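Printed here is model.tsv (TSV, C-alpha atoms):
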chain	number	residue	atom	x	y	z
F	1	MET	CA	0.00	0.00	0.00
F	2	ARG	CA	1.31	3.44	-0.98
F	3	VAL	CA	0.21	6.22	1.34
F	4	LEU	CA	0.68	9.95	0.83
F	5	GLY	CA	1.23	11.67	4.18
F	6	ILE	CA	0.38	15.34	4.79
F	7	GLU	CA	1.48	17.29	7.88
F	8	THR	CA	0.33	20.90	8.49
F	9	SER	CA	-0.29	21.09	12.24
F	10	CYS	CA	1.86	24.14	12.98
F	11	ASP	CA	4.73	25.87	11.19
F	12	GLU	CA	6.11	23.13	8.93
F	13	THR	CA	4.56	21.77	5.75
F	14	GLY	CA	5.51	18.12	5.38
F	15	VAL	CA	4.67	15.65	2.61
F	16	ALA	CA	5.90	12.07	2.17
F	17	LEU	CA	5.10	8.90	0.28
F	18	TYR	CA	5.35	5.63	2.21
F	19	ASP	CA	5.07	2.13	0.79
F	20	SER	CA	4.14	-0.67	3.20
F	21	GLU	CA	6.55	-3.05	1.43
F	22	GLN	CA	9.35	-0.77	0.20
F	23	GLY	CA	9.37	1.76	3.04
F	24	LEU	CA	9.76	5.51	2.60
F	25	LEU	CA	9.84	6.42	-1.09
F	26	ALA	CA	10.16	10.21	-0.91
F	27	ASP	CA	9.67	13.11	1.49
F	28	ALA	CA	9.84	16.91	1.46
F	29	LEU	CA	9.56	19.56	4.14
F	30	TYR	CA	9.17	23.30	4.14
F	31	SER	CA	9.82	25.18	7.39
F	32	GLN	CA	8.28	28.56	8.19
F	33	VAL	CA	10.81	29.26	10.96
F	34	GLU	CA	12.37	32.31	9.29
F	35	MET	CA	8.98	33.92	8.77
F	36	HIS	CA	7.83	33.42	12.37
F	37	ALA	CA	11.21	34.31	13.90
F	38	GLU	CA	10.47	37.96	13.16
F	39	TYR	CA	7.56	37.76	15.62
F	40	GLY	CA	9.28	35.61	18.24
F	41	GLY	CA	6.82	32.75	17.79
F	42	VAL	CA	4.26	31.18	15.47
F	43	VAL	CA	1.56	33.50	14.06
F	44	PRO	CA	-1.37	31.13	13.31
F	45	GLU	CA	-2.88	33.12	10.42
F	46	LEU	CA	0.47	33.44	8.65
F	47	ALA	CA	1.12	29.73	9.19
F	48	SER	CA	-2.20	28.77	7.59
F	49	ARG	CA	-1.62	30.99	4.55
F	50	ASP	CA	1.86	29.59	4.03
F	51	HIS	CA	0.57	26.01	4.13
F	52	VAL	CA	-1.89	26.95	1.37
F	53	ARG	CA	0.99	28.25	-0.75
F	54	LYS	CA	3.39	25.37	-0.18
F	55	LEU	CA	1.33	22.19	0.14
F	56	ILE	CA	0.45	21.46	-3.50
F	57	PRO	CA	3.99	22.23	-4.79
F	58	LEU	CA	5.41	19.89	-2.14
F	59	ILE	CA	3.01	17.11	-3.17
F	60	ARG	CA	4.18	17.51	-6.76
F	61	GLU	CA	7.81	17.49	-5.61
F	62	VAL	CA	7.37	14.26	-3.64
F	63	MET	CA	5.57	12.48	-6.48
F	64	ALA	CA	8.30	13.54	-8.92
F	65	GLU	CA	11.04	12.35	-6.56
F	66	ALA	CA	9.32	8.96	-6.25
F	67	GLY	CA	8.84	8.76	-10.02
F	68	LEU	CA	5.12	8.17	-9.58
F	69	THR	CA	1.82	9.90	-10.35
F	70	LEU	CA	-1.20	10.57	-8.16
F	71	SER	CA	-2.92	7.55	-9.73
F	72	ASP	CA	-0.26	5.35	-8.09
F	73	ILE	CA	-1.37	6.39	-4.58
F	74	ASP	CA	-3.56	3.91	-2.66
F	75	ALA	CA	-4.55	6.16	0.24
F	76	ILE	CA	-3.94	9.52	1.91
F	77	ALA	CA	-3.11	10.23	5.55
F	78	TYR	CA	-3.36	13.74	6.94
F	79	THR	CA	-2.75	15.28	10.36
F	80	ALA	CA	-6.10	16.06	11.96
F	81	GLY	CA	-4.83	17.27	15.35
F	82	PRO	CA	-3.77	18.39	17.78
F	83	GLY	CA	-2.45	21.68	16.44
F	84	LEU	CA	-3.47	25.08	15.12
F	85	ILE	CA	-7.00	24.77	13.76
F	86	GLY	CA	-6.38	26.90	10.67
F	87	ALA	CA	-3.18	25.07	9.78
F	88	LEU	CA	-4.83	21.69	10.35
F	89	MET	CA	-7.73	22.63	8.08
F	90	VAL	CA	-5.37	23.24	5.16
F	91	GLY	CA	-3.92	19.73	5.27
F	92	ALA	CA	-7.21	18.05	6.19
F	93	SER	CA	-9.25	19.69	3.43
F	94	THR	CA	-6.54	19.10	0.82
F	95	GLY	CA	-6.04	15.48	1.82
F	96	ARG	CA	-9.75	14.73	2.02
F	97	ALA	CA	-10.51	16.45	-1.32
F	98	LEU	CA	-7.62	14.72	-3.08
F	99	ALA	CA	-8.74	11.33	-1.79
F	100	LEU	CA	-12.29	11.98	-2.95
F	101	ALA	CA	-11.09	13.05	-6.40
F	102	LEU	CA	-8.89	9.95	-6.74
F	103	GLY	CA	-11.52	7.60	-5.31
F	104	ILE	CA	-9.20	6.30	-2.59
F	105	PRO	CA	-9.53	6.13	1.22
F	106	ALA	CA	-8.21	8.80	3.55
F	107	ILE	CA	-7.43	8.66	7.24
F	108	ALA	CA	-7.12	11.35	9.89
F	109	VAL	CA	-3.89	10.90	11.89
F	110	HIS	CA	-3.09	12.04	15.40
F	111	HIS	CA	-0.03	14.29	15.29
F	112	MET	CA	1.54	12.91	18.47
F	113	GLU	CA	0.95	9.30	17.39
F	114	GLY	CA	2.92	10.21	14.30
F	115	HIS	CA	5.81	11.43	16.47
F	116	LEU	CA	5.58	8.35	18.68
F	117	LEU	CA	5.87	6.03	15.67
F	118	ALA	CA	8.58	8.03	13.85
F	119	PRO	CA	11.40	5.78	15.19
F	120	MET	CA	9.71	2.90	13.33
F	121	LEU	CA	11.13	4.46	10.14
F	122	GLU	CA	14.67	3.61	11.26
F	123	GLU	CA	16.64	0.46	10.36
F	124	THR	CA	16.43	-0.85	13.92
F	125	PRO	CA	12.98	0.08	15.21
F	126	PRO	CA	11.72	-0.65	18.73
F	127	ALA	CA	9.30	-3.50	19.38
F	128	PHE	CA	6.15	-3.20	21.45
F	129	PRO	CA	5.76	-2.70	24.37
F	130	PHE	CA	7.82	0.34	25.37
F	131	VAL	CA	7.73	3.62	27.26
F	132	ALA	CA	7.60	6.77	25.12
F	133	LEU	CA	8.73	10.25	26.05
F	134	LEU	CA	6.98	12.72	23.77
F	135	VAL	CA	8.74	16.08	23.92
F	136	SER	CA	7.76	18.76	21.43
F	137	GLY	CA	6.92	22.44	21.46
F	138	GLY	CA	3.50	21.88	23.02
F	139	HIS	CA	3.73	18.46	24.66
F	140	THR	CA	5.77	16.70	27.33
F	141	GLN	CA	4.28	13.31	28.09
F	142	LEU	CA	5.35	9.89	29.29
F	143	VAL	CA	3.24	7.17	27.69
F	144	GLN	CA	3.05	3.43	28.24
F	145	VAL	CA	2.76	1.92	24.75
F	146	GLU	CA	1.53	-1.66	24.38
F	147	GLY	CA	0.74	-1.34	20.68
F	148	ILE	CA	-0.65	1.12	18.14
F	149	GLY	CA	-3.64	2.76	19.77
F	150	ARG	CA	-2.96	1.06	23.10
F	151	TYR	CA	-1.67	4.00	25.11
F	152	SER	CA	-1.73	4.79	28.82
F	153	LEU	CA	-0.65	8.23	29.99
F	154	LEU	CA	1.90	7.91	32.79
F	155	GLY	CA	2.69	11.58	33.29
F	156	GLU	CA	2.64	14.97	31.58
F	157	SER	CA	3.60	18.58	32.07
F	158	LEU	CA	1.29	20.47	34.41
F	159	ASP	CA	2.22	23.79	32.81
F	160	ASP	CA	4.82	24.63	30.13
F	161	ALA	CA	6.05	21.81	27.93
F	162	ALA	CA	9.82	21.33	27.72
F	163	GLY	CA	9.91	22.81	24.23
F	164	GLU	CA	8.01	25.89	25.37
F	165	ALA	CA	10.41	26.29	28.28
F	166	PHE	CA	13.35	26.18	25.88
F	167	ASP	CA	11.77	28.86	23.67
F	168	LYS	CA	10.96	31.16	26.61
F	169	ALA	CA	14.40	30.73	28.18
F	170	ALA	CA	16.00	31.51	24.83
F	171	LYS	CA	14.03	34.76	24.65
F	172	MET	CA	15.34	35.69	28.13
F	173	LEU	CA	18.87	35.14	26.84
F	174	GLY	CA	18.27	37.29	23.77
F	175	LEU	CA	18.20	34.37	21.34
F	176	ASP	CA	15.92	34.02	18.33
F	177	TYR	CA	13.01	31.64	17.76
F	178	PRO	CA	12.93	28.63	17.88
F	179	GLY	CA	15.00	28.58	21.05
F	180	GLY	CA	15.77	24.89	21.62
F	181	PRO	CA	18.53	24.42	19.03
F	182	LEU	CA	20.01	27.84	19.83
F	183	ILE	CA	20.21	27.16	23.57
F	184	ALA	CA	21.80	23.77	22.86
F	185	LYS	CA	24.41	25.42	20.63
F	186	LEU	CA	25.16	28.16	23.15
F	187	ALA	CA	25.32	25.63	26.00
F	188	GLN	CA	28.25	23.89	24.32
F	189	GLN	CA	30.36	26.95	25.14
F	190	GLY	CA	29.11	27.18	28.73
F	191	ASP	CA	30.23	25.91	32.12
F	192	ARG	CA	27.46	23.59	33.32
F	193	SER	CA	28.67	23.76	36.93
F	194	ARG	CA	28.74	27.53	37.40
F	195	PHE	CA	25.00	27.84	38.13
F	196	THR	CA	22.83	25.28	39.90
F	197	PHE	CA	19.26	25.21	38.59
F	198	PRO	CA	16.42	23.20	40.22
F	199	ARG	CA	15.20	19.86	38.84
F	200	PRO	CA	11.43	20.43	39.18
F	201	MET	CA	9.24	17.76	40.80
F	202	THR	CA	12.03	15.16	40.97
F	203	ASP	CA	11.99	15.18	44.76
F	204	ARG	CA	8.45	13.79	44.91
F	205	PRO	CA	6.87	10.57	43.57
F	206	GLY	CA	5.05	10.49	40.28
F	207	LEU	CA	5.82	11.08	36.62
F	208	ASP	CA	4.36	14.53	35.99
F	209	PHE	CA	6.49	17.48	34.93
F	210	SER	CA	6.53	21.21	35.66
F	211	PHE	CA	8.82	23.71	33.96
F	212	SER	CA	7.23	27.04	34.88
F	213	GLY	CA	9.31	27.36	38.06
F	214	LEU	CA	12.49	26.63	36.15
F	215	LYS	CA	11.54	29.35	33.69
F	216	THR	CA	11.13	31.84	36.57
F	217	PHE	CA	14.45	30.73	38.10
F	218	THR	CA	16.14	31.35	34.75
F	219	LEU	CA	14.67	34.85	34.49
F	220	ASN	CA	15.83	35.72	38.01
F	221	THR	CA	19.33	34.41	37.25
F	222	VAL	CA	19.53	36.46	34.06
F	223	ASN	CA	18.44	39.61	35.89
F	224	ASP	CA	20.90	38.98	38.75
F	225	GLN	CA	23.78	38.80	36.27
F	226	ARG	CA	23.11	42.11	34.54
F	227	ASP	CA	25.57	44.94	35.08
F	228	GLU	CA	24.59	48.54	35.80
F	229	GLN	CA	23.90	49.09	32.11
F	230	GLY	CA	21.68	46.01	31.95
F	231	ASN	CA	24.14	43.93	29.93
F	232	ILE	CA	25.42	40.38	30.45
F	233	ASP	CA	28.78	39.16	29.22
F	234	PRO	CA	28.67	36.40	26.54
F	235	GLN	CA	30.31	33.75	28.74
F	236	THR	CA	27.71	34.22	31.46
F	237	LEU	CA	24.93	33.83	28.90
F	238	ALA	CA	26.52	30.57	27.74
F	239	ASP	CA	26.85	29.37	31.35
F	240	ILE	CA	23.17	30.11	32.03
F	241	ALA	CA	22.17	28.30	28.82
F	242	ALA	CA	24.23	25.29	29.87
F	243	ALA	CA	22.72	25.24	33.37
F	244	PHE	CA	19.19	25.55	32.00
F	245	GLU	CA	19.67	22.77	29.45
F	246	GLU	CA	21.22	20.54	32.08
F	247	ALA	CA	18.28	21.07	34.42
F	248	VAL	CA	15.73	20.21	31.74
F	249	VAL	CA	17.47	17.09	30.46
F	250	ASP	CA	18.23	15.88	34.00
F	251	THR	CA	14.56	16.24	34.90
F	252	LEU	CA	13.46	14.34	31.80
F	253	ALA	CA	16.06	11.60	32.39
F	254	ILE	CA	15.07	11.13	36.04
F	255	LYS	CA	11.39	10.78	35.13
F	256	CYS	CA	12.14	8.42	32.23
F	257	ARG	CA	14.22	6.15	34.42
F	258	ARG	CA	11.42	6.17	36.97
F	259	ALA	CA	8.91	5.19	34.25
F	260	ILE	CA	11.13	2.30	33.14
F	261	GLN	CA	11.32	1.07	36.72
F	262	GLN	CA	7.58	1.45	37.21
F	263	THR	CA	6.54	-0.41	34.04
F	264	GLY	CA	9.31	-2.98	33.96
F	265	TYR	CA	9.78	-2.31	30.25
F	266	ARG	CA	13.29	-2.29	28.81
F	267	GLN	CA	12.78	0.05	25.86
F	268	LEU	CA	12.39	3.82	25.82
F	269	VAL	CA	11.36	5.77	22.72
F	270	ILE	CA	11.88	9.53	22.61
F	271	ALA	CA	10.09	11.54	19.95
F	272	GLY	CA	9.24	15.13	19.09
F	273	GLY	CA	11.42	18.14	18.37
F	274	VAL	CA	13.25	18.16	21.72
F	275	SER	CA	14.27	14.51	21.18
F	276	ALA	CA	16.91	15.82	18.74
F	277	ASN	CA	18.77	17.43	21.66
F	278	ALA	CA	22.17	15.70	21.87
F	279	ARG	CA	22.57	16.29	25.61
F	280	LEU	CA	19.17	14.70	26.28
F	281	ARG	CA	20.12	11.62	24.29
F	282	GLU	CA	23.42	11.39	26.16
F	283	LYS	CA	21.75	11.68	29.58
F	284	LEU	CA	19.02	9.18	28.73
F	285	ALA	CA	21.49	6.65	27.36
F	286	ALA	CA	23.46	6.84	30.63
F	287	ALA	CA	20.34	6.53	32.77
F	288	LEU	CA	18.99	3.57	30.79
F	289	GLN	CA	22.30	1.75	30.89
F	290	LYS	CA	21.86	1.46	34.64
F	291	GLU	CA	18.47	-0.16	34.02
F	292	ARG	CA	19.75	-2.39	31.20
F	293	ALA	CA	17.27	-0.73	28.88
F	294	LYS	CA	17.61	0.49	25.28
F	295	LEU	CA	16.99	3.95	23.83
F	296	PHE	CA	15.33	4.53	20.45
F	297	TYR	CA	14.78	7.74	18.49
F	298	ALA	CA	14.30	8.96	14.94
F	299	ARG	CA	16.97	10.58	12.80
F	300	PRO	CA	17.06	14.38	13.33
F	301	LYS	CA	14.98	15.22	10.22
F	302	PHE	CA	12.12	13.09	11.55
F	303	CYS	CA	12.21	14.47	15.11
F	304	THR	CA	10.52	17.70	14.06
F	305	ASP	CA	7.14	17.74	12.30
F	306	ASN	CA	7.25	15.84	9.00
F	307	GLY	CA	5.10	14.03	6.50
F	308	ALA	CA	6.91	10.68	6.79
F	309	MET	CA	5.66	10.00	10.31
F	310	ILE	CA	2.08	10.80	9.25
F	311	ALA	CA	2.31	8.56	6.19
F	312	TYR	CA	3.67	5.69	8.31
F	313	ALA	CA	1.13	6.07	11.12
F	314	GLY	CA	-1.72	6.34	8.63
F	315	CYS	CA	-0.50	3.32	6.69
F	316	GLN	CA	-0.56	1.11	9.78
F	317	ARG	CA	-4.15	2.03	10.54
F	318	LEU	CA	-5.24	1.70	6.91
F	319	LEU	CA	-3.70	-1.79	6.74
F	320	ALA	CA	-5.78	-2.65	9.81
F	321	GLY	CA	-8.93	-1.66	7.92
F	322	GLN	CA	-9.46	1.76	9.46
F	323	GLN	CA	-10.31	4.89	7.45
F	324	SER	CA	-12.08	8.20	7.95
F	325	ASP	CA	-15.42	9.22	6.48
F	326	LEU	CA	-16.04	12.21	4.22
F	327	THR	CA	-16.05	14.63	7.15
F	328	ILE	CA	-13.09	17.03	7.12
F	329	LEU	CA	-11.77	16.34	10.58
F	330	ALA	CA	-9.56	18.84	12.42
F	331	ARG	CA	-9.11	18.82	16.19
F	332	PRO	CA	-6.98	21.44	17.97
F	333	ARG	CA	-7.18	19.21	21.08
F	334	TRP	CA	-7.27	15.43	20.84
F	335	PRO	CA	-6.33	13.11	23.74
F	336	MET	CA	-4.19	10.31	22.33
F	337	ASP	CA	-5.64	7.70	24.68
F	338	THR	CA	-9.00	8.04	22.86
F	339	LEU	CA	-7.58	6.54	19.67
F	340	PRO	CA	-8.85	3.10	18.63
F	341	ALA	CA	-6.45	0.19	19.01
F	342	ILE	CA	-5.20	-1.90	16.12
Output the structure of this file as structure tokens.
Amino acid sequence: MRVLGIETSCDETGVALYDSEQGLLADALYSQVEMHAEYGGVVPELASRDHVRKLIPLIREVMAEAGLTLSDIDAIAYTAGPGLIGALMVGASTGRALALALGIPAIAVHHMEGHLLAPMLEETPPAFPFVALLVSGGHTQLVQVEGIGRYSLLGESLDDAAGEAFDKAAKMLGLDYPGGPLIAKLAQQGDRSRFTFPRPMTDRPGLDFSFSGLKTFTLNTVNDQRDEQGNIDPQTLADIAAAFEEAVVDTLAIKCRRAIQQTGYRQLVIAGGVSANARLREKLAAALQKERAKLFYARPKFCTDNGAMIAYAGCQRLLAGQQSDLTILARPRWPMDTLPAI
């Protein structure tokens, strides 16, 4: 089965073609980061308009790369949520209309399920069951995964997600948007031991997260380090970035190790934009080694939003006989544990 995947949940337009027998045939991605950086964050209306401009050209590009035509597609998978409603509607309406025109089935895909299954695109994918850490701009969740659609939420952020905390801390340090990669780059030049930041909620039982206090601690540290003119020397900025990053990844690693101990599973999958953070991967690998557990993640290009993960996730559900009706489905909020099991 050949499935065309469409991703338009936020600020990246992703398209991919996945074959259930041959694997990923082609993929393309357009990022709106430069456009939104001017505003310090995603502007929903601009995002929606840019998806309208870029989606059809990307579909043509992917089909040309694969050496196929639209008549060679067996089904279409599109992101239906969660995400920005306007952006979601672009991909959902295009995918649904294209499927209707071609006379093929379409399926609405959960964005976070796509992230969770992205490591399945790698040469050595994890096997069910496993624990998943989903860390993206808007989500930080620990999920017990027994199979596709068989999810149990173990813990989540009670306020800011880790990705949001990175973006807000970056703004405090005078860095551009998106902040995660920029903080990670700056942290490489910093002294991680100069400042000691808290590891939120690690001193109590449970698997929930909270990063709002860490954000406030970062702001206070930045203000304390300003000179009389309100400036901060570059090395101090790097040291603060390093301390902040260390606090976030330590917190995530502690909770992940706790989830592995609680479930008894020996596999951890990390997915979402923050999963590309090298320091997080390093910390998790060390923590899991103590538990004799293995770490799995997608290649960097599939950590952020992309069409390949949507095509794969949709393909698995289509192969199981699931498909969506003619309704154009778009859900800004969509609990993953409500998805049907395969």
Quiz prompt | Minimum-distance residue to Thr202 (chain F), chosen among F:Ala132, F:Ile240, F:Cys256, F:Ile85 (using only C-alpha atoms) | solution =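 Distance minimum relative to Thr202 (chain F) lands on F:Cys256.
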Practice problem: Take the point (14.2, 12.9, 3.0) as written in the file and pick out every residue within 12 Å of it, counting only C-alpha atoms; give the list as a list of chain:residue names. | Solution: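 With a cut-off of 12 Å, the residues come to F:Gly14, F:Val15, F:Ala16, F:Leu17, F:Tyr18, F:Leu24, F:Leu25, F:Ala26, F:Asp27, F:Ala28, F:Leu29, F:Tyr30, F:Glu61, F:Val62, F:Glu65, F:Ala66, F:Leu121, F:Arg299, F:Pro300, F:Lys301, F:Phe302, F:Asn306, F:Gly307, F:Ala308, F:Met309.
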Quiz item: Do you know which residues are at most 7 Å from region 329-340 of chain F counting only C-alpha atoms, after dropping those on the same chain fewer than 4 positions away, and could you put them as a list in words?
Solution: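 Answer for this query is Ala80, Gly81, Pro82, Gly83, Leu84, Ile85, Leu88, Met89, Ala92, Ala108, Gly149, Tyr151 and Ser152 of chain F.
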Practice problem: Give me, please, the distance in Å between CA of Leu318 (chain F) and CA of Asp50 (chain F), quoted to one decimal. | Solution: 28.9 Å
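CA of Ala87 (chain F) is found 11.0 Å from CA of Leu55 (chain F).
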Quiz item: Which residues come within 6 Å of Ala311 (chain F), counting only C-alpha atoms, excluding same-chain residues fewer than 3 positions away, as a ChimeraX atom specification?
Solution: /F:3-5,18,77,308,314-315
Quiz item: Near Glu156 (chain F), within 9 Å and counting only C-alpha atoms, which residues show up once chain neighbours fewer than 2 positions away are dropped, as a PyMOL selection string?
Solution: chain F and resi 139-143+153-154+158-159+161+207-210
Writing out the chosen residues with C-alpha atoms as a PDB file, keeping the file's coordinate frame:
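Heads up, here's the output in result-v3.pdb:
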ATOM      1  CA  HIS F 139       3.730  18.460  24.660  1.00  0.00           C
ATOM      2  CA  THR F 140       5.770  16.700  27.330  1.00  0.00           C
ATOM      3  CA  GLN F 141       4.280  13.310  28.090  1.00  0.00           C
ATOM      4  CA  LEU F 142       5.350   9.890  29.290  1.00  0.00           C
ATOM      5  CA  VAL F 143       3.240   7.170  27.690  1.00  0.00           C
ATOM      6  CA  LEU F 153      -0.650   8.230  29.990  1.00  0.00           C
ATOM      7  CA  LEU F 154       1.900   7.910  32.790  1.00  0.00           C
ATOM      8  CA  LEU F 158       1.290  20.470  34.410  1.00  0.00           C
ATOM      9  CA  ASP F 159       2.220  23.790  32.810  1.00  0.00           C
ATOM     10  CA  ALA F 161       6.050  21.810  27.930  1.00  0.00           C
ATOM     11  CA  LEU F 207       5.820  11.080  36.620  1.00  0.00           C
ATOM     12  CA  ASP F 208       4.360  14.530  35.990  1.00  0.00           C
ATOM     13  CA  PHE F 209       6.490  17.480  34.930  1.00  0.00           C
ATOM     14  CA  SER F 210       6.530  21.210  35.660  1.00  0.00           C
TER      15      SER F 210
END
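In this comparison, which uses all atoms listed in the file, the residue of F:Leu70, F:Asp19, F:Ala341, F:Ala187 approaching Gly103 (chain F) most closely is F:Leu70.
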Quiz item: Lys290 (chain F): which residues within 12 Å, counting only C-alpha atoms, same-chain residues fewer than 5 positions away excluded, as a ChimeraX atom specification?
Solution: /F:253-254,257-258,260-261,266,283-285
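Nearest residue to Ala184 (chain F) among F:Thr218, F:Thr304, F:Gln289, F:Asn277 is F:Asn277, counting only C-alpha atoms.
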Exercise. Can you work out the spacing between CA of Ala293 (chain F) and CA of Glu113 (chain F) in Å, to one decimal?
Key: 22.3 Å
Quick one: axis-aligned box around all listed atoms of region 279-289 of chain F, 4 Å on every side, centre and edge lengths in Å to one decimal, written as AutoDock Vina command-line options.
--center_x 21.2 --center_y 9.0 --center_z 28.5 --size_x 12.5 --size_y 22.5 --size_z 16.5
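Nearest to Ala162 (chain F) of all the residues F:Val43, F:Leu175, F:Val135, F:Val145 is F:Val135, based on all atoms listed in the file.
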Quiz item: Of the candidates F:Ile328, F:Gln225, F:Asn231, F:Asp239, which shows the shortest atom-to-atom distance to Gln189 (chain F), using only C-alpha atoms?
Solution: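 Using only C-alpha atoms, Gln189 (chain F) sits closest to F:Asp239.
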Practice problem: Go through F:Ser71, F:Thr327, F:Gln32, F:Thr216 one by one, measure the shortest atom-to-atom distance of each to Tyr177 (chain F) using all atoms listed in the file, and give the residue with the smallest value. | Solution: F:Gln32
Quiz item: Could you name the residues that touch Val52 (chain F) at 10 Å or less, counting only C-alpha atoms, but leaving out those on the same chain fewer than 4 positions away, as a list of chain:residue names?
Solution: F:Thr8, F:Thr13, F:Ala47, F:Ser48, F:Ile56, F:Pro57, F:Ala87, F:Met89, F:Val90, F:Gly91, F:Thr94
